[in-house]
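Novice: This is model_5.txt, which holds compact mmCIF, C-alpha atoms:
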```
# COMPACT_ATOMS: atom_id res chain seq x y z
CA PRO U 197 25.00 -30.82 -34.44
CA GLU U 198 24.01 -33.30 -31.75
CA ARG U 199 20.79 -32.98 -29.76
CA PRO U 200 20.53 -29.66 -27.91
CA THR U 201 21.40 -30.04 -24.24
CA LEU U 202 19.44 -28.50 -21.41
CA GLY U 203 20.61 -25.15 -20.08
CA THR U 204 21.88 -23.75 -23.37
CA THR U 205 19.81 -21.19 -25.24
CA ASP U 206 17.05 -22.22 -27.62
CA TYR U 207 17.80 -22.74 -31.30
CA ALA U 208 14.28 -22.85 -32.75
CA PHE U 209 10.92 -21.12 -32.58
CA GLU U 210 7.42 -22.28 -33.42
CA ILE U 211 4.47 -20.20 -34.61
CA ALA U 212 0.99 -21.22 -33.47
CA ILE U 213 -2.16 -19.20 -34.14
CA SER U 214 -5.88 -19.77 -34.33
CA ASN U 215 -7.65 -19.84 -37.65
CA ILE U 216 -8.99 -16.37 -38.31
CA ARG U 217 -11.93 -15.24 -40.41
CA TYR U 218 -12.47 -11.55 -41.11
CA GLY U 219 -15.37 -9.73 -42.71
CA GLU U 220 -18.15 -7.29 -41.98
CA GLY U 221 -21.15 -9.28 -40.74
CA VAL U 222 -19.26 -12.59 -40.69
CA THR U 223 -20.73 -13.42 -37.27
CA LYS U 224 -23.84 -14.70 -39.05
CA GLU U 225 -21.82 -17.77 -40.10
CA ILE U 226 -21.23 -19.01 -36.55
CA GLY U 227 -24.35 -21.23 -36.48
CA MET U 228 -23.13 -22.99 -39.62
CA ASP U 229 -19.66 -23.43 -38.12
CA LEU U 230 -21.16 -25.15 -35.09
CA GLN U 231 -23.28 -27.32 -37.36
CA ASN U 232 -20.17 -28.23 -39.34
CA LEU U 233 -18.47 -29.21 -36.09
CA GLY U 234 -21.45 -31.43 -35.21
CA ALA U 235 -21.91 -29.51 -31.95
CA ARG U 236 -24.85 -30.71 -29.83
CA ARG U 237 -24.42 -28.70 -26.64
CA VAL U 238 -22.79 -25.29 -26.93
CA CYS U 239 -21.64 -23.01 -24.13
CA LEU U 240 -22.00 -19.31 -25.04
CA MET U 241 -19.92 -17.08 -22.76
CA THR U 242 -20.18 -13.31 -22.46
CA ASP U 243 -20.49 -10.61 -19.77
CA LYS U 244 -23.49 -8.76 -18.35
CA ASN U 245 -22.88 -5.55 -20.33
CA LEU U 246 -22.46 -7.29 -23.66
CA SER U 247 -25.38 -9.66 -23.23
CA LYS U 248 -27.70 -6.77 -24.16
CA LEU U 249 -25.63 -5.46 -27.09
CA PRO U 250 -25.64 -6.16 -30.87
CA PRO U 251 -22.62 -8.55 -30.97
CA VAL U 252 -24.29 -11.09 -28.67
CA ASN U 253 -27.56 -10.56 -30.47
CA ALA U 254 -25.91 -11.37 -33.81
CA VAL U 255 -24.54 -14.63 -32.37
CA LEU U 256 -27.90 -15.58 -30.82
CA ASN U 257 -29.67 -14.97 -34.14
CA SER U 258 -27.21 -17.24 -35.95
CA LEU U 259 -27.53 -20.00 -33.31
CA ALA U 260 -31.33 -19.82 -33.54
CA LYS U 261 -31.33 -19.84 -37.32
CA TYR U 262 -29.30 -23.06 -37.46
CA GLY U 263 -31.08 -24.74 -34.53
CA ILE U 264 -28.01 -24.88 -32.28
CA ASN U 265 -28.71 -26.04 -28.72
CA PHE U 266 -26.84 -23.78 -26.29
CA GLN U 267 -26.63 -22.51 -22.74
CA ILE U 268 -25.54 -18.96 -21.97
CA TYR U 269 -23.10 -17.95 -19.23
CA ASP U 270 -23.01 -14.16 -18.86
CA ASN U 271 -21.31 -13.94 -15.49
CA VAL U 272 -17.81 -13.26 -16.80
CA ARG U 273 -16.00 -10.60 -14.75
CA VAL U 274 -14.29 -7.74 -16.54
CA GLU U 275 -10.63 -8.23 -15.49
CA PRO U 276 -11.26 -11.80 -14.25
CA THR U 277 -10.06 -13.30 -10.95
CA ASP U 278 -9.24 -16.87 -9.93
CA GLN U 279 -12.72 -17.04 -8.37
CA SER U 280 -14.49 -15.76 -11.50
CA PHE U 281 -12.55 -18.34 -13.56
CA LEU U 282 -13.60 -21.07 -11.10
CA ASP U 283 -17.27 -20.07 -11.37
CA ALA U 284 -17.12 -20.35 -15.17
CA ILE U 285 -15.23 -23.67 -14.92
CA GLN U 286 -17.94 -25.02 -12.61
CA PHE U 287 -20.59 -24.06 -15.19
CA ALA U 288 -18.61 -25.70 -18.00
CA LYS U 289 -18.08 -28.94 -16.05
CA LYS U 290 -21.81 -29.20 -15.24
CA GLY U 291 -22.89 -28.49 -18.82
CA GLU U 292 -20.87 -31.25 -20.51
CA PHE U 293 -20.49 -29.05 -23.59
CA ASP U 294 -18.99 -30.17 -26.87
CA ALA U 295 -18.18 -26.66 -28.15
CA TYR U 296 -17.68 -23.14 -26.76
CA VAL U 297 -18.38 -19.68 -28.14
CA ALA U 298 -16.87 -16.61 -26.43
CA VAL U 299 -18.29 -13.19 -27.32
CA GLY U 300 -16.46 -10.28 -25.73
CA GLY U 301 -13.13 -8.72 -24.98
CA GLY U 302 -10.08 -10.49 -23.59
CA SER U 303 -11.78 -11.09 -20.24
CA VAL U 304 -14.52 -13.20 -21.83
CA ILE U 305 -12.29 -15.06 -24.29
CA ASP U 306 -9.70 -15.84 -21.57
CA THR U 307 -12.39 -17.06 -19.16
CA CYS U 308 -13.79 -19.33 -21.86
CA LYS U 309 -10.32 -20.78 -22.59
CA ALA U 310 -9.91 -21.65 -18.90
CA ALA U 311 -13.42 -23.16 -18.71
CA ASN U 312 -12.71 -25.32 -21.76
CA LEU U 313 -9.35 -26.46 -20.34
CA TYR U 314 -10.51 -27.49 -16.86
CA ALA U 315 -13.75 -29.06 -18.10
CA ALA U 316 -11.56 -31.21 -20.39
CA SER U 317 -9.25 -32.08 -17.49
CA PRO U 318 -11.69 -32.53 -14.60
CA SER U 319 -9.24 -34.21 -12.22
CA SER U 320 -6.72 -31.33 -12.42
CA GLU U 321 -6.26 -28.88 -9.58
CA PHE U 322 -6.68 -25.23 -10.58
CA LEU U 323 -2.98 -24.42 -10.03
CA ASP U 324 -1.76 -27.32 -12.20
CA TYR U 325 -1.85 -25.27 -15.42
CA VAL U 326 -1.25 -21.80 -13.96
CA ASN U 327 2.13 -20.30 -14.91
CA ALA U 328 5.03 -20.91 -12.56
CA PRO U 329 6.11 -19.60 -10.06
CA VAL U 330 2.48 -18.94 -8.95
CA GLY U 331 1.21 -22.31 -10.23
CA LYS U 332 2.79 -25.54 -11.45
CA GLY U 333 2.84 -24.64 -15.15
CA LYS U 334 2.20 -28.22 -16.31
CA PRO U 335 2.00 -28.84 -20.07
CA VAL U 336 -1.53 -29.47 -21.39
CA THR U 337 -1.85 -32.97 -22.83
CA VAL U 338 -5.66 -33.44 -22.75
CA PRO U 339 -7.75 -32.78 -25.90
CA LEU U 340 -9.95 -29.66 -25.62
CA LYS U 341 -13.30 -28.95 -27.27
CA PRO U 342 -13.56 -26.48 -30.18
CA LEU U 343 -13.76 -22.83 -29.09
CA ILE U 344 -14.91 -20.04 -31.40
CA ALA U 345 -13.89 -16.57 -30.21
CA VAL U 346 -15.76 -13.44 -31.34
CA PRO U 347 -13.81 -10.39 -30.12
CA THR U 348 -15.81 -7.22 -29.42
CA THR U 349 -12.84 -5.03 -28.50
CA SER U 350 -9.78 -4.21 -30.59
CA GLY U 351 -7.13 -4.97 -28.04
CA THR U 352 -6.09 -8.22 -26.49
CA GLY U 353 -5.75 -10.32 -29.63
CA SER U 354 -6.96 -13.15 -27.36
CA GLU U 355 -8.78 -14.73 -30.31
CA THR U 356 -5.38 -15.72 -31.77
CA THR U 357 -3.38 -16.73 -28.66
CA GLY U 358 -2.98 -19.57 -26.17
CA VAL U 359 -2.87 -17.26 -23.15
CA ALA U 360 -5.53 -16.61 -20.47
CA ILE U 361 -4.88 -13.95 -17.82
CA PHE U 362 -6.56 -13.45 -14.42
CA ASP U 363 -6.06 -11.74 -11.04
CA PHE U 364 -4.87 -14.13 -8.36
CA LYS U 365 -6.63 -12.44 -5.46
CA GLU U 366 -4.72 -13.91 -2.55
CA LEU U 367 -1.38 -12.68 -3.93
CA LYS U 368 -2.90 -9.49 -5.41
CA VAL U 369 -1.14 -10.27 -8.64
CA LYS U 370 -2.17 -11.07 -12.17
CA THR U 371 -0.98 -14.32 -13.64
CA GLY U 372 -2.32 -16.72 -16.22
CA ILE U 373 -2.24 -19.92 -18.18
CA ALA U 374 -0.11 -20.11 -21.32
CA SER U 375 -0.29 -23.08 -23.65
CA ARG U 376 -0.73 -23.51 -27.39
CA ALA U 377 -3.39 -26.10 -26.53
CA ILE U 378 -5.89 -23.51 -25.26
CA LYS U 379 -5.88 -21.20 -28.28
CA PRO U 380 -9.29 -20.84 -29.95
CA THR U 381 -10.11 -23.04 -32.92
CA LEU U 382 -11.40 -20.03 -34.82
CA GLY U 383 -11.41 -16.27 -34.28
CA ILE U 384 -14.29 -14.47 -35.96
CA ILE U 385 -13.21 -10.89 -36.54
CA ASP U 386 -16.29 -8.88 -37.41
CA PRO U 387 -15.63 -5.13 -37.60
CA LEU U 388 -19.35 -4.43 -37.01
CA HIS U 389 -18.78 -5.34 -33.35
CA THR U 390 -16.40 -2.45 -32.84
CA LEU U 391 -19.24 0.02 -33.42
CA SER U 392 -20.67 -0.69 -29.97
CA MET U 393 -17.43 0.26 -28.19
CA PRO U 394 -17.36 3.50 -26.14
CA GLU U 395 -14.48 5.93 -26.67
CA ARG U 396 -12.32 5.03 -23.63
CA ILE U 397 -12.65 1.32 -24.34
CA VAL U 398 -11.41 1.95 -27.90
CA ALA U 399 -8.49 3.92 -26.45
CA ASN U 400 -7.47 1.47 -23.74
CA SER U 401 -7.80 -1.60 -25.93
CA GLY U 402 -5.81 0.23 -28.63
CA PHE U 403 -3.02 0.87 -26.12
CA ASP U 404 -2.83 -2.87 -25.52
CA VAL U 405 -2.29 -3.41 -29.27
CA LEU U 406 0.40 -0.70 -29.24
CA CYS U 407 2.29 -2.35 -26.38
CA HIS U 408 1.85 -5.87 -27.77
CA ALA U 409 3.53 -4.69 -30.96
CA LEU U 410 6.31 -2.68 -29.28
CA GLU U 411 7.14 -5.30 -26.66
CA SER U 412 7.16 -8.29 -28.99
CA TYR U 413 9.33 -6.41 -31.51
CA THR U 414 11.87 -5.42 -28.82
CA ALA U 415 11.76 -8.71 -26.82
CA LEU U 416 14.84 -10.85 -26.21
CA PRO U 417 15.59 -12.75 -29.44
CA TYR U 418 14.32 -16.35 -29.36
CA ASN U 419 17.83 -17.80 -29.73
CA GLU U 420 19.03 -15.98 -26.62
CA ARG U 421 16.25 -17.38 -24.42
CA SER U 422 17.17 -20.23 -22.08
CA PRO U 423 16.81 -23.02 -21.24
CA CYS U 424 16.52 -24.90 -24.49
CA PRO U 425 13.57 -27.28 -23.97
CA SER U 426 14.38 -30.99 -23.76
CA ASN U 427 11.07 -31.71 -25.49
CA PRO U 428 9.13 -29.44 -27.86
CA ILE U 429 6.03 -29.62 -25.64
CA ASN U 430 8.02 -27.57 -23.12
CA ARG U 431 8.89 -24.78 -25.54
CA PRO U 432 6.95 -21.81 -24.14
CA ALA U 433 4.28 -19.97 -26.11
CA TYR U 434 6.26 -16.78 -25.41
CA GLN U 435 9.57 -17.51 -27.12
CA GLY U 436 11.21 -14.12 -27.70
CA SER U 437 11.33 -11.97 -30.81
CA ASN U 438 11.66 -13.93 -34.03
CA PRO U 439 11.51 -13.15 -37.76
CA ILE U 440 7.85 -14.16 -38.16
CA SER U 441 6.49 -12.32 -35.12
CA ASP U 442 8.49 -9.24 -36.17
CA VAL U 443 6.51 -8.96 -39.41
CA TRP U 444 3.16 -8.97 -37.57
CA ALA U 445 4.32 -6.63 -34.80
CA LEU U 446 5.63 -3.99 -37.20
CA HIS U 447 2.53 -4.15 -39.35
CA ALA U 448 0.28 -3.81 -36.29
CA LEU U 449 2.32 -0.79 -35.20
CA ARG U 450 1.83 0.88 -38.58
CA ILE U 451 -1.94 0.40 -38.38
CA VAL U 452 -2.01 1.80 -34.82
CA ALA U 453 -0.03 4.84 -35.96
CA LYS U 454 -2.43 5.45 -38.81
CA TYR U 455 -5.82 4.61 -37.30
CA LEU U 456 -5.92 4.58 -33.47
CA LYS U 457 -6.48 8.32 -33.00
CA ARG U 458 -9.17 8.32 -35.69
CA ALA U 459 -10.92 5.31 -34.15
CA ILE U 460 -11.01 6.98 -30.73
CA ARG U 461 -12.08 10.43 -31.90
CA ASN U 462 -14.84 9.41 -34.27
CA PRO U 463 -17.02 6.41 -33.41
CA GLU U 464 -18.51 6.63 -36.92
CA ASP U 465 -15.12 6.16 -38.61
CA ARG U 466 -15.76 2.62 -39.76
CA GLU U 467 -12.52 2.35 -41.71
CA ALA U 468 -10.45 3.23 -38.63
CA ARG U 469 -12.36 0.92 -36.32
CA ALA U 470 -12.24 -1.99 -38.79
CA ASN U 471 -8.49 -1.55 -39.20
CA MET U 472 -7.90 -1.45 -35.43
CA HIS U 473 -9.91 -4.67 -35.11
CA LEU U 474 -7.52 -6.33 -37.56
CA ALA U 475 -4.47 -4.73 -35.92
CA SER U 476 -5.45 -6.40 -32.66
CA ALA U 477 -5.29 -9.82 -34.33
CA PHE U 478 -2.03 -8.95 -36.15
CA ALA U 479 -0.38 -7.94 -32.88
CA GLY U 480 -1.82 -11.10 -31.29
CA ILE U 481 -0.05 -13.26 -33.87
CA GLY U 482 3.15 -11.37 -33.06
CA PHE U 483 3.12 -11.33 -29.27
CA GLY U 484 1.29 -14.66 -28.95
CA ASN U 485 4.49 -16.29 -30.19
CA ALA U 486 7.20 -13.77 -29.25
CA GLY U 487 5.78 -12.71 -25.90
CA VAL U 488 5.70 -9.34 -24.19
CA HIS U 489 8.06 -8.01 -21.52
CA LEU U 490 8.25 -5.19 -18.99
CA CYS U 491 5.15 -3.07 -19.76
CA HIS U 492 3.05 -6.19 -19.30
CA GLY U 493 5.04 -7.59 -16.38
CA MET U 494 4.69 -4.29 -14.50
CA SER U 495 1.05 -3.84 -15.50
CA TYR U 496 -0.12 -6.89 -13.56
CA PRO U 497 0.47 -5.42 -10.09
CA ILE U 498 -0.81 -2.02 -11.33
CA SER U 499 -4.13 -3.76 -12.06
CA GLY U 500 -3.96 -6.12 -9.09
CA LEU U 501 -3.32 -3.48 -6.40
CA VAL U 502 -5.94 -1.00 -7.65
CA LYS U 503 -7.58 0.99 -4.86
CA THR U 504 -10.53 3.12 -5.91
CA TYR U 505 -9.94 3.95 -9.57
CA LYS U 506 -13.00 3.56 -11.81
CA PRO U 507 -12.42 4.36 -15.47
CA LYS U 508 -14.82 6.36 -17.62
CA ASP U 509 -17.04 4.35 -20.03
CA TYR U 510 -16.67 1.05 -18.10
CA ASN U 511 -19.92 -0.11 -16.53
CA VAL U 512 -18.53 -2.16 -13.62
CA ASP U 513 -19.29 -2.53 -9.91
CA HIS U 514 -15.65 -2.82 -8.80
CA SER U 515 -12.54 -0.65 -9.03
CA LEU U 516 -10.35 -1.55 -11.95
CA VAL U 517 -7.51 -0.28 -14.07
CA PRO U 518 -8.30 -1.34 -17.64
CA HIS U 519 -5.58 -3.67 -18.87
CA GLY U 520 -4.47 -1.48 -21.80
CA LEU U 521 -4.15 1.56 -19.52
CA SER U 522 -2.11 -0.35 -16.91
CA VAL U 523 0.25 -1.45 -19.69
CA VAL U 524 0.75 1.83 -21.52
CA LEU U 525 1.42 4.05 -18.49
CA THR U 526 4.88 2.53 -18.00
CA SER U 527 5.76 2.43 -21.70
CA PRO U 528 7.80 5.68 -21.90
CA ALA U 529 9.97 4.61 -18.95
CA VAL U 530 10.27 1.00 -20.12
CA PHE U 531 11.43 1.74 -23.66
CA ALA U 532 13.86 4.42 -22.48
CA PHE U 533 15.32 1.63 -20.30
CA THR U 534 15.41 -1.22 -22.86
CA ALA U 535 16.65 0.81 -25.84
CA GLN U 536 20.35 0.42 -25.09
CA ILE U 537 20.08 -3.23 -26.20
CA HIS U 538 18.43 -2.89 -29.63
CA PRO U 539 18.47 0.85 -30.23
CA GLU U 540 17.82 0.52 -33.97
CA ARG U 541 14.52 -1.33 -33.31
CA HIS U 542 13.43 1.34 -30.81
CA LEU U 543 14.28 4.08 -33.30
CA GLU U 544 12.37 2.30 -36.06
CA ALA U 545 9.31 2.06 -33.78
CA ALA U 546 9.56 5.79 -32.97
CA GLU U 547 9.67 6.60 -36.67
CA ILE U 548 6.58 4.50 -37.40
CA LEU U 549 4.79 6.37 -34.59
CA GLY U 550 5.62 9.68 -36.22
CA ALA U 551 9.02 10.78 -34.91
CA ASP U 552 11.37 12.57 -37.31
CA ILE U 553 14.58 10.55 -36.97
CA ARG U 554 16.57 12.05 -39.84
CA THR U 555 19.08 13.70 -37.54
CA ALA U 556 18.66 11.30 -34.60
CA ARG U 557 21.64 9.68 -32.92
CA ILE U 558 21.30 5.97 -32.33
CA LYS U 559 22.20 6.36 -28.66
CA ASP U 560 19.14 8.60 -28.16
CA ALA U 561 16.73 5.95 -29.46
CA GLY U 562 15.15 5.27 -26.05
CA LEU U 563 14.54 8.94 -25.27
CA ILE U 564 13.10 9.55 -28.73
CA LEU U 565 10.69 6.60 -28.45
CA ALA U 566 9.70 7.64 -24.90
CA ASP U 567 8.96 11.21 -26.02
CA THR U 568 6.99 9.96 -29.02
CA LEU U 569 4.87 7.76 -26.73
CA ARG U 570 4.32 10.61 -24.24
CA LYS U 571 3.11 12.90 -26.98
CA PHE U 572 0.83 10.16 -28.34
CA LEU U 573 -0.72 9.61 -24.90
CA PHE U 574 -1.04 13.31 -24.15
CA ASP U 575 -2.91 13.85 -27.44
CA LEU U 576 -5.36 11.13 -26.40
CA ASN U 577 -6.09 12.54 -22.89
CA VAL U 578 -4.52 9.63 -21.05
CA ASP U 579 -4.29 9.94 -17.23
CA ASP U 580 -1.02 11.58 -16.20
CA GLY U 581 0.87 8.53 -14.98
CA LEU U 582 0.38 6.16 -12.06
CA ALA U 583 -0.22 9.05 -9.67
CA ALA U 584 -3.37 9.95 -11.61
CA ILE U 585 -4.85 6.49 -11.05
CA GLY U 586 -4.24 6.49 -7.31
CA TYR U 587 -0.64 5.35 -6.73
CA SER U 588 2.16 7.15 -4.87
CA LYS U 589 5.84 6.56 -4.13
CA ALA U 590 4.80 4.65 -1.01
CA ASP U 591 3.28 1.95 -3.25
CA ILE U 592 6.47 1.27 -5.22
CA PRO U 593 7.77 -1.60 -3.02
CA ALA U 594 4.43 -3.42 -3.37
CA LEU U 595 4.37 -2.81 -7.14
CA VAL U 596 7.91 -4.20 -7.46
CA LYS U 597 6.99 -7.22 -5.32
CA GLY U 598 4.03 -7.87 -7.62
CA THR U 599 6.26 -7.71 -10.70
CA LEU U 600 8.80 -10.27 -9.47
CA PRO U 601 6.60 -13.39 -10.02
CA GLN U 602 6.02 -12.33 -13.67
CA GLU U 603 9.15 -14.07 -14.87
CA ARG U 604 7.38 -15.56 -17.87
CA VAL U 605 7.38 -12.06 -19.34
CA THR U 606 10.02 -10.04 -17.46
CA LYS U 607 12.72 -12.52 -18.51
CA LEU U 608 11.91 -11.62 -22.13
CA SER U 609 13.04 -8.04 -21.59
CA PRO U 610 16.12 -7.52 -23.79
CA ARG U 611 17.80 -5.86 -20.81
CA PRO U 612 17.83 -7.74 -17.48
CA GLN U 613 16.53 -5.71 -14.54
CA THR U 614 17.19 -5.60 -10.80
CA GLU U 615 14.62 -4.70 -8.14
CA GLU U 616 16.22 -1.24 -8.05
CA ASP U 617 15.68 -0.90 -11.81
CA LEU U 618 12.01 -1.82 -11.39
CA SER U 619 11.61 0.73 -8.58
CA ALA U 620 13.13 3.41 -10.79
CA LEU U 621 10.80 2.47 -13.67
CA PHE U 622 7.70 2.70 -11.45
CA GLU U 623 8.93 6.02 -10.07
CA ALA U 624 9.52 7.39 -13.58
CA SER U 625 5.96 6.34 -14.50
CA MET U 626 4.25 8.22 -11.64
CA LYS U 627 3.96 11.31 -13.83
CA LEU U 628 4.16 11.34 -17.64
CA TYR U 629 3.77 14.92 -18.81
```
Represent the structure from my file as structure tokens, please.

Specialist:
Amino acid sequence: PERPTLGTTDYAFEIAISNIRYGEGVTKEIGMDLQNLGARRVCLMTDKNLSKLPPVNAVLNSLAKYGINFQIYDNVRVEPTDQSFLDAIQFAKKGEFDAYVAVGGGSVIDTCKAANLYAASPSSEFLDYVNAPVGKGKPVTVPLKPLIAVPTTSGTGSETTGVAIFDFKELKVKTGIASRAIKPTLGIIDPLHTLSMPERIVANSGFDVLCHALESYTALPYNERSPCPSNPINRPAYQGSNPISDVWALHALRIVAKYLKRAIRNPEDREARANMHLASAFAGIGFGNAGVHLCHGMSYPISGLVKTYKPKDYNVDHSLVPHGLSVVLTSPAVFAFTAQIHPERHLEAAEILGADIRTARIKDAGLILADTLRKFLFDLNVDDGLAAIGYSKADIPALVKGTLPQERVTKLSPRPQTEEDLSALFEASMKLY
């Protein structure tokens, strides 16, 4: 066939992931890695809570042991904003670093990706690389410095992906930067770090893994996504479901089904916590290339418009809806809505999560998956819908308005949605049980 023309659907997909190293205690190798990279000035990023905990300590010990010269930035905001990104970028530009280490959850790793990007591209405006329609969504063509990511939560999978998410305060909406160029050089997945996670953080980060797996598995297939890029540099990181991402998403879902409840209920269950830490990376490989859709698209205004909600187990000085919670609360409604497109995939997901589908009818796939998710959330004491975290019907128009700019993900829903559909989904998510 001749060269693909613009406007038709894509015909190819590309898988990009960070290198990943897994093992109990593997953090002690990080000083050697930096030595191997010839790093002279290292930026270590973390947040105020973590800076006093064992994961950061393990990294500091390794840096000291191998004589690595570093500066620490521990001002990362949990659920970052454009301003908190800019503060970290300022620090990175001043420091003239030749390598970065991020120790933390998605907030820290994402902030570090942004700092690395803008320090490497000092003449760029902040909005140049931010996803359209909020920013200009320009492709990244500058070389970045090596970044080693050490995740301390089992959720975002940020150590494997080229995505960095933040709250754009002025629009009260979450958006981000998505480019293969910003993915970490190496993700160090050390299950020892999961032992310092409180119960609700294990739960909420686990819900993010659950939705990453479900959304990437049910996303619009890559060869139905348009337009077909005129140049491979324009092929988005989030390409739609594809045969490689499917493998990772399904496997992550199986681990979640087997281990998430155990990891939440018993902090001493090392097997469960180690497996969830791996599941987070597995799901990251899946969604980092397939993308996510409506649960994530709708979660951004749920986080961005938060009023007074402060979750248990999070030591923060501002109201916030933890990302995994904001994503999972709409999941029953979302999958009941999308199931008419690929009902067999929705049914398969329900079965993995424990539903008995022997007598199920394919047209009930969405309801079965929604019920399975509700039961799962109820068993884990999750807040009863958006109403329980401070929203009411009066907020629906604002929530819908905040979802509309999230085209990068909402367009990957297998079923297109109108503003009325979105309103109905938010309304159905007000109460779960």

Novice: Go through U:Ala556, U:Ala594, U:Ala583, U:Leu343 one by one, measure the shortest atom-to-atom distance of each to U:Tyr505 using all atoms listed in the file, and give the residue with the smallest value.

Specialist: U:Ala583

Novice: When distances are computed from all atoms listed in the file, which of U:Arg236, U:Arg458, U:Lys368, U:Arg376 shows the smallest separation from U:Pro335?

Specialist: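 Under the stated criterion, the closest residue is U:Arg376.
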
Novice: Is it possible to get the residues within 12 Å of (16.8, -7.5, -6.4) (coordinates as in the file, counting all atoms listed in the file) written as a PyMOL selection string?

Specialist: chain U and resi 593+596-597+599-600+612-619

Novice: Using all atoms listed in the file, determine which residues lie at most 9 Å from stretch 528-539 of chain U, disregarding the query and same-chain residues fewer than 3 positions distant; provide the list as JSON, numbers by chain.

Specialist: {"U": [410, 411, 414, 490, 491, 524, 525, 542, 543, 544, 558, 559, 560, 561, 562, 563, 564, 565, 566, 567, 568, 569, 570, 609, 610, 611, 612, 617, 620, 621, 622, 624, 625, 628]}

Novice: With all atoms listed in the file as the atoms that count, which of U:Ala477, U:Leu608, U:Val338, U:Leu456 lies nearest to U:Tyr413?

Specialist: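 Result for the nearest residue to U:Tyr413: U:Leu608.
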
Novice: U:Pro380: which residues within 12 Å, counting all atoms listed in the file, same-chain residues fewer than 3 positions away excluded, as number ranges by chain?

Specialist: U: 212-216, 295-298, 305-310, 312-313, 340-347, 353-360, 375-377, 383-384

Novice: Find the spatial neighbours of U:Thr205, counting only C-alpha atoms, within a cut-off of 6 Å - ignore same-chain residues fewer than 3 positions away - and output them as a PyMOL selection string.

Specialist: chain U and resi 419-424

Novice: Just give me the gap between atom CA of U:Tyr587 and atom CA of U:Gly372 in Å, one decimal is fine.

Specialist: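 Separation of atom CA of U:Tyr587 and atom CA of U:Gly372: 24.1 Å.
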
Novice: For U:Met241, which residue among U:Phe281, U:Phe403, U:Tyr629, U:Tyr496 is the nearest when counting all atoms listed in the file?

Specialist: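 Among the listed residues, the smallest separation from U:Met241 belongs to U:Phe281.
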
Novice: Quick one: residues within 12 Å of U:His389, only C-alpha atoms, excluding same-chain residues fewer than 6 positions away - as a PDB file with C-alpha atoms, in the coordinates of the input?

Specialist:
```pdb
ATOM      1  CA  TYR U 218     -12.470 -11.550 -41.110  1.00  0.00           C
ATOM      2  CA  GLY U 219     -15.370  -9.730 -42.710  1.00  0.00           C
ATOM      3  CA  GLU U 220     -18.150  -7.290 -41.980  1.00  0.00           C
ATOM      4  CA  GLY U 221     -21.150  -9.280 -40.740  1.00  0.00           C
ATOM      5  CA  VAL U 222     -19.260 -12.590 -40.690  1.00  0.00           C
ATOM      6  CA  THR U 223     -20.730 -13.420 -37.270  1.00  0.00           C
ATOM      7  CA  LEU U 246     -22.460  -7.290 -23.660  1.00  0.00           C
ATOM      8  CA  LEU U 249     -25.630  -5.460 -27.090  1.00  0.00           C
ATOM      9  CA  PRO U 250     -25.640  -6.160 -30.870  1.00  0.00           C
ATOM     10  CA  PRO U 251     -22.620  -8.550 -30.970  1.00  0.00           C
ATOM     11  CA  VAL U 252     -24.290 -11.090 -28.670  1.00  0.00           C
ATOM     12  CA  ASN U 253     -27.560 -10.560 -30.470  1.00  0.00           C
ATOM     13  CA  ALA U 254     -25.910 -11.370 -33.810  1.00  0.00           C
ATOM     14  CA  VAL U 255     -24.540 -14.630 -32.370  1.00  0.00           C
ATOM     15  CA  VAL U 299     -18.290 -13.190 -27.320  1.00  0.00           C
ATOM     16  CA  GLY U 300     -16.460 -10.280 -25.730  1.00  0.00           C
ATOM     17  CA  GLY U 301     -13.130  -8.720 -24.980  1.00  0.00           C
ATOM     18  CA  VAL U 346     -15.760 -13.440 -31.340  1.00  0.00           C
ATOM     19  CA  PRO U 347     -13.810 -10.390 -30.120  1.00  0.00           C
ATOM     20  CA  THR U 348     -15.810  -7.220 -29.420  1.00  0.00           C
ATOM     21  CA  THR U 349     -12.840  -5.030 -28.500  1.00  0.00           C
ATOM     22  CA  SER U 350      -9.780  -4.210 -30.590  1.00  0.00           C
ATOM     23  CA  VAL U 398     -11.410   1.950 -27.900  1.00  0.00           C
ATOM     24  CA  PRO U 463     -17.020   6.410 -33.410  1.00  0.00           C
ATOM     25  CA  ARG U 466     -15.760   2.620 -39.760  1.00  0.00           C
ATOM     26  CA  ARG U 469     -12.360   0.920 -36.320  1.00  0.00           C
ATOM     27  CA  ALA U 470     -12.240  -1.990 -38.790  1.00  0.00           C
ATOM     28  CA  MET U 472      -7.900  -1.450 -35.430  1.00  0.00           C
ATOM     29  CA  HIS U 473      -9.910  -4.670 -35.110  1.00  0.00           C
TER      30      HIS U 473
END
```

Novice: For the point (-17.4, -9.7, -20.7) in file coordinates, what residues are within 8 Å, counting only C-alpha atoms? Give the answer as a list in words?

Specialist: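 Residues close enough to count: Thr242, Asp243, Lys244, Asn245, Leu246, Asp270, Asn271, Val272, Arg273, Val274, Val299, Gly300, Gly301, Gly302, Ser303 and Val304 of chain U.
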
Novice: Emit as JSON the padded axis-aligned box for all listed atoms of stretch 420-423 of chain U, 3 Å per side, with centre and edge lengths in Å to one decimal.

Specialist:
```
{"center_x": 17.6, "center_y": -19.5, "center_z": -23.9, "size_x": 8.8, "size_y": 13.0, "size_z": 11.4}
```

Novice: Please report the interatomic distance between atom CA of U:Ala445 and atom CA of U:Ser412 in Å with one decimal.

Specialist: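 Between these atoms lies a distance of 6.7 Å.
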
Novice: How far is it from atom CA of U:Glu366 to atom CA of U:Ser280, in Å with one decimal?

Specialist: 13.4 Å

Novice: Return the single residue from U:Phe483, U:Phe209, U:Phe293, U:Tyr325 that is closest to U:His408, with distances computed using all atoms listed in the file.

Specialist: U:Phe483
